[in-house]
Amino acid sequence: MSVDKLQKESERWFEQAEDDINAASALLSVNKFAQACFLSQQAAEKALKAVGYLLDIDPWGHSCTKLIQSFPEGERQSFSEVEDEAKALDKLYIPTRYPDALAELTPAEAFTKREAIGAIASAQSILDRANSIIYNSFNQSEAGGS
């Protein structure tokens, strides 16, 4: 894929990540904690895939941790401070959605406001780092084209 196409695909994924984190916040405000947790995980995953597309590494999978580990050393290092957040978000992928993923409880019963707030904060940290990489890449690309 050309650099322009990679940048456009990266931008599309990051825009959806931002929409997902906004939706997570909206769900938090109406006490839909499991759904807010799930969309937080999705936001982080999509932001990381945006970085992956930018790097032309064909990001695949749903684990935020594994996506970070697939990055070249420099970009991987950029996410080292949010590695624990990525691991915490990975744990939300299944049990936030399926009633048989937790013993005797549905996701609606099991997830709390505190967990949703934490998930949103963790996802936002990952989005901020991804945005920094994407923004710097776009600025370098524009500077090189001038």
# chains A, B, ... in the order shown; residues from 1 in each chain; ligands from 1
$ residues_around --residues "region 57-74 of chain A" --least-positions-apart "3" --cutoff "9 Å" --atoms "only C-alpha atoms" --output "PyMOL selection string"
chain A and resi 41-42+44-46+48-54+77-80+83-87+89-91+93
$ residues_around --residues "Pro99 (chain A)" --least-positions-apart "3" --cutoff "12 Å" --atoms "only C-alpha atoms" --output "tab-separated table (two decimals) with C-alpha atoms, in the first residue's frame"
chain	number	residue	atom	x	y	z
A	34	ALA	CA	-20.21	-3.48	30.86
A	94	ILE	CA	-15.14	-11.38	26.28
A	95	PRO	CA	-16.67	-11.07	29.78
A	96	THR	CA	-18.25	-7.68	29.08
A	102	LEU	CA	-18.77	-14.98	34.36
A	103	ALA	CA	-19.93	-17.48	36.96
A	104	GLU	CA	-23.57	-16.88	37.82
A	105	LEU	CA	-23.55	-13.19	36.80
A	106	THR	CA	-24.39	-11.38	33.60
A	107	PRO	CA	-22.09	-8.58	32.45
A	108	ALA	CA	-24.75	-6.04	33.42
A	109	GLU	CA	-24.64	-7.35	36.99
A	110	ALA	CA	-20.89	-7.79	37.25
A	111	PHE	CA	-19.31	-4.58	35.95
$ closest_residue --among "A:Leu55, A:Phe38, A:Ser29, A:Ile117" --to "Ile134 (chain A)" --atoms "only C-alpha atoms"
A:Leu55
$ closest_residue --among "A:Arg114, A:Gln124, A:Asp56, A:Ala23" --to "Ser10 (chain A)" --atoms "only C-alpha atoms"
A:Asp56
$ select_by_dssp --residues "region 5-137 of chain A" --states "alpha helix (DSSP H)" --output "VMD selection string"
chain A and resid 5 to 29 33 to 54 64 to 69 73 to 78 83 to 90 107 to 110 113 to 137
$ residues_around --residues "Asn131 (chain A)" --least-positions-apart "3" --cutoff "9 Å" --atoms "only C-alpha atoms" --output "ChimeraX atom specification"
/A:14,47,51,126-128,134-136
$ write_last_selection --atoms "C-alpha atoms" --output "compact mmCIF listing (two decimals), in the first residue's frame"
# COMPACT_ATOMS: atom_id res chain seq x y z
CA PHE A 14 -8.23 6.30 14.61
CA ALA A 47 -6.22 3.10 17.95
CA VAL A 51 -0.73 2.76 14.35
CA ILE A 126 -3.58 4.43 24.65
CA LEU A 127 -5.47 6.75 22.27
CA ASP A 128 -3.29 9.67 23.38
CA ILE A 134 0.00 9.31 14.03
CA TYR A 135 0.14 13.10 14.33
CA ASN A 136 3.96 13.12 14.23
$ closest_residue --among "A:Ala123, A:Leu92, A:Leu6, A:Val82" --to "Ile21 (chain A)" --atoms "only C-alpha atoms"
A:Ala123
$ atom_distance --atom1 "CA of Ala116 (chain A)" --atom2 "CA of Asn22 (chain A)"
12.8 Å
$ atom_distance --atom1 "CA of Val30 (chain A)" --atom2 "CA of Gly118 (chain A)"
16.1 Å
$ closest_residue --among "A:Ser137, A:Ser25, A:Arg76, A:Glu81" --to "Ala121 (chain A)" --atoms "only C-alpha atoms"
A:Ser25
$ atom_distance --atom1 "CA of Arg12 (chain A)" --atom2 "CA of Ser40 (chain A)"
17.4 Å
$ decode --residues "region 29-64 of chain A" --atoms "N, CA, C and O atoms" --output "JSON list (two decimals), in the first residue's frame"
[["chain", "number", "residue", "atom", "x", "y", "z"],
["A", 29, "SER", "N", -22.40, 7.34, 31.34],
["A", 29, "SER", "CA", -23.34, 8.33, 31.91],
["A", 29, "SER", "C", -24.75, 7.78, 32.10],
["A", 29, "SER", "O", -25.53, 8.36, 32.85],
["A", 30, "VAL", "N", -25.07, 6.66, 31.46],
["A", 30, "VAL", "CA", -26.39, 6.03, 31.64],
["A", 30, "VAL", "C", -26.26, 4.67, 32.33],
["A", 30, "VAL", "O", -27.13, 3.80, 32.19],
["A", 31, "ASN", "N", -25.15, 4.50, 33.06],
["A", 31, "ASN", "CA", -24.92, 3.32, 33.89],
["A", 31, "ASN", "C", -24.88, 2.00, 33.12],
["A", 31, "ASN", "O", -25.24, 0.96, 33.66],
["A", 32, "LYS", "N", -24.40, 2.04, 31.92],
["A", 32, "LYS", "CA", -24.18, 0.82, 31.12],
["A", 32, "LYS", "C", -22.69, 0.49, 31.21],
["A", 32, "LYS", "O", -21.92, 0.72, 30.28],
["A", 33, "PHE", "N", -22.30, -0.03, 32.36],
["A", 33, "PHE", "CA", -20.90, -0.18, 32.68],
["A", 33, "PHE", "C", -20.20, -1.27, 31.85],
["A", 33, "PHE", "O", -19.07, -1.07, 31.40],
["A", 34, "ALA", "N", -20.84, -2.41, 31.66],
["A", 34, "ALA", "CA", -20.21, -3.48, 30.86],
["A", 34, "ALA", "C", -19.97, -3.00, 29.44],
["A", 34, "ALA", "O", -18.90, -3.23, 28.86],
["A", 35, "GLN", "N", -20.96, -2.33, 28.87],
["A", 35, "GLN", "CA", -20.82, -1.84, 27.51],
["A", 35, "GLN", "C", -19.77, -0.75, 27.40],
["A", 35, "GLN", "O", -19.02, -0.68, 26.42],
["A", 36, "ALA", "N", -19.67, 0.10, 28.41],
["A", 36, "ALA", "CA", -18.64, 1.14, 28.43],
["A", 36, "ALA", "C", -17.25, 0.49, 28.50],
["A", 36, "ALA", "O", -16.32, 0.94, 27.82],
["A", 37, "CYS", "N", -17.13, -0.57, 29.27],
["A", 37, "CYS", "CA", -15.85, -1.29, 29.35],
["A", 37, "CYS", "C", -15.50, -1.90, 28.00],
["A", 37, "CYS", "O", -14.36, -1.79, 27.54],
["A", 38, "PHE", "N", -16.47, -2.55, 27.36],
["A", 38, "PHE", "CA", -16.20, -3.18, 26.08],
["A", 38, "PHE", "C", -15.80, -2.15, 25.03],
["A", 38, "PHE", "O", -14.81, -2.34, 24.31],
["A", 39, "LEU", "N", -16.53, -1.05, 24.94],
["A", 39, "LEU", "CA", -16.17, -0.04, 23.94],
["A", 39, "LEU", "C", -14.84, 0.63, 24.25],
["A", 39, "LEU", "O", -14.15, 1.07, 23.32],
["A", 40, "SER", "N", -14.46, 0.67, 25.49],
["A", 40, "SER", "CA", -13.13, 1.17, 25.83],
["A", 40, "SER", "C", -12.06, 0.25, 25.25],
["A", 40, "SER", "O", -11.08, 0.72, 24.66],
["A", 41, "GLN", "N", -12.27, -1.05, 25.41],
["A", 41, "GLN", "CA", -11.32, -2.02, 24.83],
["A", 41, "GLN", "C", -11.28, -1.85, 23.32],
["A", 41, "GLN", "O", -10.20, -1.85, 22.72],
["A", 42, "GLN", "N", -12.44, -1.69, 22.70],
["A", 42, "GLN", "CA", -12.51, -1.54, 21.26],
["A", 42, "GLN", "C", -11.80, -0.26, 20.79],
["A", 42, "GLN", "O", -11.11, -0.27, 19.77],
["A", 43, "ALA", "N", -11.98, 0.80, 21.54],
["A", 43, "ALA", "CA", -11.32, 2.07, 21.19],
["A", 43, "ALA", "C", -9.81, 1.91, 21.20],
["A", 43, "ALA", "O", -9.11, 2.34, 20.27],
["A", 44, "ALA", "N", -9.29, 1.28, 22.25],
["A", 44, "ALA", "CA", -7.84, 1.08, 22.34],
["A", 44, "ALA", "C", -7.35, 0.17, 21.22],
["A", 44, "ALA", "O", -6.33, 0.46, 20.57],
["A", 45, "GLU", "N", -8.07, -0.91, 20.97],
["A", 45, "GLU", "CA", -7.69, -1.84, 19.90],
["A", 45, "GLU", "C", -7.63, -1.12, 18.55],
["A", 45, "GLU", "O", -6.68, -1.28, 17.79],
["A", 46, "LYS", "N", -8.64, -0.32, 18.26],
["A", 46, "LYS", "CA", -8.69, 0.37, 16.97],
["A", 46, "LYS", "C", -7.61, 1.45, 16.87],
["A", 46, "LYS", "O", -7.03, 1.65, 15.79],
["A", 47, "ALA", "N", -7.30, 2.12, 17.96],
["A", 47, "ALA", "CA", -6.22, 3.10, 17.95],
["A", 47, "ALA", "C", -4.89, 2.41, 17.67],
["A", 47, "ALA", "O", -4.06, 2.92, 16.90],
["A", 48, "LEU", "N", -4.69, 1.25, 18.27],
["A", 48, "LEU", "CA", -3.45, 0.50, 18.03],
["A", 48, "LEU", "C", -3.40, -0.03, 16.60],
["A", 48, "LEU", "O", -2.34, -0.04, 15.97],
["A", 49, "LYS", "N", -4.53, -0.44, 16.07],
["A", 49, "LYS", "CA", -4.57, -0.87, 14.67],
["A", 49, "LYS", "C", -4.28, 0.31, 13.74],
["A", 49, "LYS", "O", -3.64, 0.13, 12.70],
["A", 50, "ALA", "N", -4.71, 1.50, 14.13],
["A", 50, "ALA", "CA", -4.39, 2.69, 13.34],
["A", 50, "ALA", "C", -2.88, 2.87, 13.25],
["A", 50, "ALA", "O", -2.35, 3.16, 12.18],
["A", 51, "VAL", "N", -2.20, 2.69, 14.36],
["A", 51, "VAL", "CA", -0.73, 2.76, 14.35],
["A", 51, "VAL", "C", -0.16, 1.65, 13.49],
["A", 51, "VAL", "O", 0.75, 1.87, 12.69],
["A", 52, "GLY", "N", -0.71, 0.45, 13.62],
["A", 52, "GLY", "CA", -0.24, -0.68, 12.82],
["A", 52, "GLY", "C", -0.38, -0.42, 11.33],
["A", 52, "GLY", "O", 0.54, -0.71, 10.56],
["A", 53, "TYR", "N", -1.50, 0.14, 10.91],
["A", 53, "TYR", "CA", -1.66, 0.46, 9.49],
["A", 53, "TYR", "C", -0.65, 1.50, 9.05],
["A", 53, "TYR", "O", -0.06, 1.40, 7.98],
["A", 54, "LEU", "N", -0.45, 2.50, 9.88],
["A", 54, "LEU", "CA", 0.52, 3.54, 9.56],
["A", 54, "LEU", "C", 1.91, 2.94, 9.35],
["A", 54, "LEU", "O", 2.66, 3.36, 8.47],
["A", 55, "LEU", "N", 2.24, 1.92, 10.15],
["A", 55, "LEU", "CA", 3.55, 1.26, 10.08],
["A", 55, "LEU", "C", 3.60, 0.17, 9.01],
["A", 55, "LEU", "O", 4.64, -0.46, 8.82],
["A", 56, "ASP", "N", 2.47, -0.06, 8.36],
["A", 56, "ASP", "CA", 2.35, -1.08, 7.30],
["A", 56, "ASP", "C", 2.71, -2.47, 7.81],
["A", 56, "ASP", "O", 3.46, -3.22, 7.20],
["A", 57, "ILE", "N", 2.14, -2.82, 8.99],
["A", 57, "ILE", "CA", 2.42, -4.15, 9.54],
["A", 57, "ILE", "C", 1.18, -5.04, 9.57],
["A", 57, "ILE", "O", 1.20, -6.08, 10.19],
["A", 58, "ASP", "N", 0.09, -4.65, 8.90],
["A", 58, "ASP", "CA", -1.12, -5.45, 8.80],
["A", 58, "ASP", "C", -1.59, -5.93, 10.17],
["A", 58, "ASP", "O", -1.52, -7.12, 10.50],
["A", 59, "PRO", "N", -2.09, -5.01, 11.00],
["A", 59, "PRO", "CA", -2.49, -5.37, 12.36],
["A", 59, "PRO", "C", -3.66, -6.36, 12.35],
["A", 59, "PRO", "O", -4.59, -6.23, 11.58],
["A", 60, "TRP", "N", -3.59, -7.35, 13.22],
["A", 60, "TRP", "CA", -4.62, -8.36, 13.27],
["A", 60, "TRP", "C", -4.79, -8.82, 14.71],
["A", 60, "TRP", "O", -3.84, -8.88, 15.47],
["A", 61, "GLY", "N", -6.02, -9.13, 15.05],
["A", 61, "GLY", "CA", -6.32, -9.66, 16.37],
["A", 61, "GLY", "C", -7.01, -8.64, 17.24],
["A", 61, "GLY", "O", -7.22, -7.50, 16.85],
["A", 62, "HIS", "N", -7.36, -9.09, 18.44],
["A", 62, "HIS", "CA", -8.13, -8.24, 19.36],
["A", 62, "HIS", "C", -7.38, -7.89, 20.63],
["A", 62, "HIS", "O", -7.88, -7.15, 21.45],
["A", 63, "SER", "N", -6.19, -8.42, 20.80],
["A", 63, "SER", "CA", -5.42, -8.16, 22.00],
["A", 63, "SER", "C", -4.61, -6.87, 21.84],
["A", 63, "SER", "O", -3.73, -6.78, 20.98],
["A", 64, "CYS", "N", -4.90, -5.92, 22.70],
["A", 64, "CYS", "CA", -4.13, -4.67, 22.69],
["A", 64, "CYS", "C", -2.66, -4.95, 22.98],
["A", 64, "CYS", "O", -1.77, -4.36, 22.36]]
